[in-house]
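K.L.:
Here it is: the structure, laid out below.
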Amino acid sequence: MDNNEFSLDALLNCDEFSRYKSLETMYAMDDFLKAVRECVSDEKAVEKIKRENTNLTYCIFNDAFKQGFCFAVKSFKFLLKS
């Protein structure tokens, strides 16, 4: 990541950045996949749904991080004005 240019995407893709996944999230994902396995008999379909679910979770995590980071920066800027 270039020090003169800031990018949230670069921060998220940095090797030093680790994603936090709560136990609640892991349990919810496991429950979802159990429900899919119970309702879908085709193992290929189950694996595709699992991949898509993982991709969706990844995107949601990135969006939530970006939103929280932007909120923190805006809050900090607001406090500096006061």
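Naming scheme: A, B, ... for chains in displayed order of the structure tokens; residues 1 onward per chain; ligands 1 onward as shown.
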So that I can check the surroundings of A:Phe65, please list as a list in words every protein, DNA and RNA residue that reaches within 10 Å of it, counting only C-alpha atoms and ignoring chain neighbours fewer than 4 positions away.

P.N.:
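My list of contacting residues is Leu8, Leu12, Arg19, Cys59, Ile60, Phe61, Phe69, Cys70 and Phe71 of chain A.
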
K.L.:
Take the residues from that selection and put them in a file with all heavy atoms, as a short mmCIF file (atom, residue, chain, number, x, y, z; two decimals), in the first residue's frame.

P.N.:
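This is the output file result_35.cif:
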```
data_model
loop_
_atom_site.label_atom_id
_atom_site.label_comp_id
_atom_site.auth_asym_id
_atom_site.auth_seq_id
_atom_site.Cartn_x
_atom_site.Cartn_y
_atom_site.Cartn_z
N LEU A 8 -9.06 1.80 1.55
CA LEU A 8 -9.63 0.81 2.47
C LEU A 8 -9.51 -0.59 1.89
O LEU A 8 -9.28 -1.55 2.63
CB LEU A 8 -11.09 1.14 2.76
CG LEU A 8 -11.32 2.32 3.70
CD1 LEU A 8 -12.81 2.65 3.78
CD2 LEU A 8 -10.76 2.07 5.06
N LEU A 12 -7.78 -3.77 3.72
CA LEU A 12 -8.46 -5.05 3.92
C LEU A 12 -7.67 -6.20 3.31
O LEU A 12 -7.73 -7.33 3.81
CB LEU A 12 -9.86 -5.01 3.30
CG LEU A 12 -10.89 -4.20 4.10
CD1 LEU A 12 -12.13 -3.96 3.26
CD2 LEU A 12 -11.23 -4.89 5.39
N ARG A 19 -9.07 -10.65 9.83
CA ARG A 19 -10.51 -10.47 9.96
C ARG A 19 -11.00 -11.09 11.25
O ARG A 19 -10.56 -12.16 11.64
CB ARG A 19 -11.22 -11.14 8.79
CG ARG A 19 -11.05 -10.36 7.53
CD ARG A 19 -11.66 -11.08 6.34
NE ARG A 19 -11.72 -10.19 5.22
CZ ARG A 19 -10.67 -9.79 4.54
NH1 ARG A 19 -9.49 -10.19 4.87
NH2 ARG A 19 -10.80 -8.97 3.52
N CYS A 59 -17.97 -10.08 1.47
CA CYS A 59 -18.39 -8.76 0.98
C CYS A 59 -19.07 -7.95 2.08
O CYS A 59 -18.82 -6.75 2.24
CB CYS A 59 -19.32 -8.89 -0.22
SG CYS A 59 -18.50 -9.50 -1.69
N ILE A 60 -19.93 -8.61 2.84
CA ILE A 60 -20.63 -7.93 3.93
C ILE A 60 -19.63 -7.46 4.98
O ILE A 60 -19.73 -6.34 5.49
CB ILE A 60 -21.70 -8.85 4.56
CG1 ILE A 60 -22.85 -9.05 3.56
CG2 ILE A 60 -22.21 -8.30 5.87
CD1 ILE A 60 -23.83 -10.12 3.96
N PHE A 61 -18.65 -8.31 5.31
CA PHE A 61 -17.63 -7.93 6.28
C PHE A 61 -16.88 -6.69 5.79
O PHE A 61 -16.67 -5.75 6.55
CB PHE A 61 -16.64 -9.08 6.49
CG PHE A 61 -15.47 -8.67 7.34
CD1 PHE A 61 -15.54 -8.69 8.71
CD2 PHE A 61 -14.30 -8.22 6.73
CE1 PHE A 61 -14.46 -8.28 9.47
CE2 PHE A 61 -13.22 -7.81 7.49
CZ PHE A 61 -13.30 -7.84 8.87
N PHE A 69 -15.17 2.21 9.70
CA PHE A 69 -13.95 3.00 9.60
C PHE A 69 -14.28 4.44 9.21
O PHE A 69 -13.77 5.39 9.81
CB PHE A 69 -13.00 2.37 8.59
CG PHE A 69 -11.65 3.00 8.58
CD1 PHE A 69 -10.66 2.57 9.44
CD2 PHE A 69 -11.36 4.03 7.69
CE1 PHE A 69 -9.40 3.15 9.44
CE2 PHE A 69 -10.10 4.62 7.68
CZ PHE A 69 -9.13 4.19 8.56
N CYS A 70 -15.14 4.60 8.22
CA CYS A 70 -15.53 5.95 7.78
C CYS A 70 -16.25 6.69 8.90
O CYS A 70 -16.02 7.88 9.11
CB CYS A 70 -16.41 5.88 6.54
SG CYS A 70 -15.50 5.37 5.08
N PHE A 71 -17.09 5.99 9.65
CA PHE A 71 -17.78 6.61 10.78
C PHE A 71 -16.77 7.07 11.83
O PHE A 71 -16.88 8.17 12.37
CB PHE A 71 -18.78 5.62 11.40
CG PHE A 71 -19.47 6.17 12.62
CD1 PHE A 71 -20.50 7.07 12.48
CD2 PHE A 71 -19.07 5.79 13.89
CE1 PHE A 71 -21.14 7.58 13.60
CE2 PHE A 71 -19.69 6.29 15.00
CZ PHE A 71 -20.73 7.20 14.87
#
```

K.L.:
Using DSSP assignments from the backbone, pull out every residue in chain A that falls under alpha helix (DSSP H) and give it to me as a PyMOL selection string.

P.N.:
chain A and resi 8-13+23-39+43-81
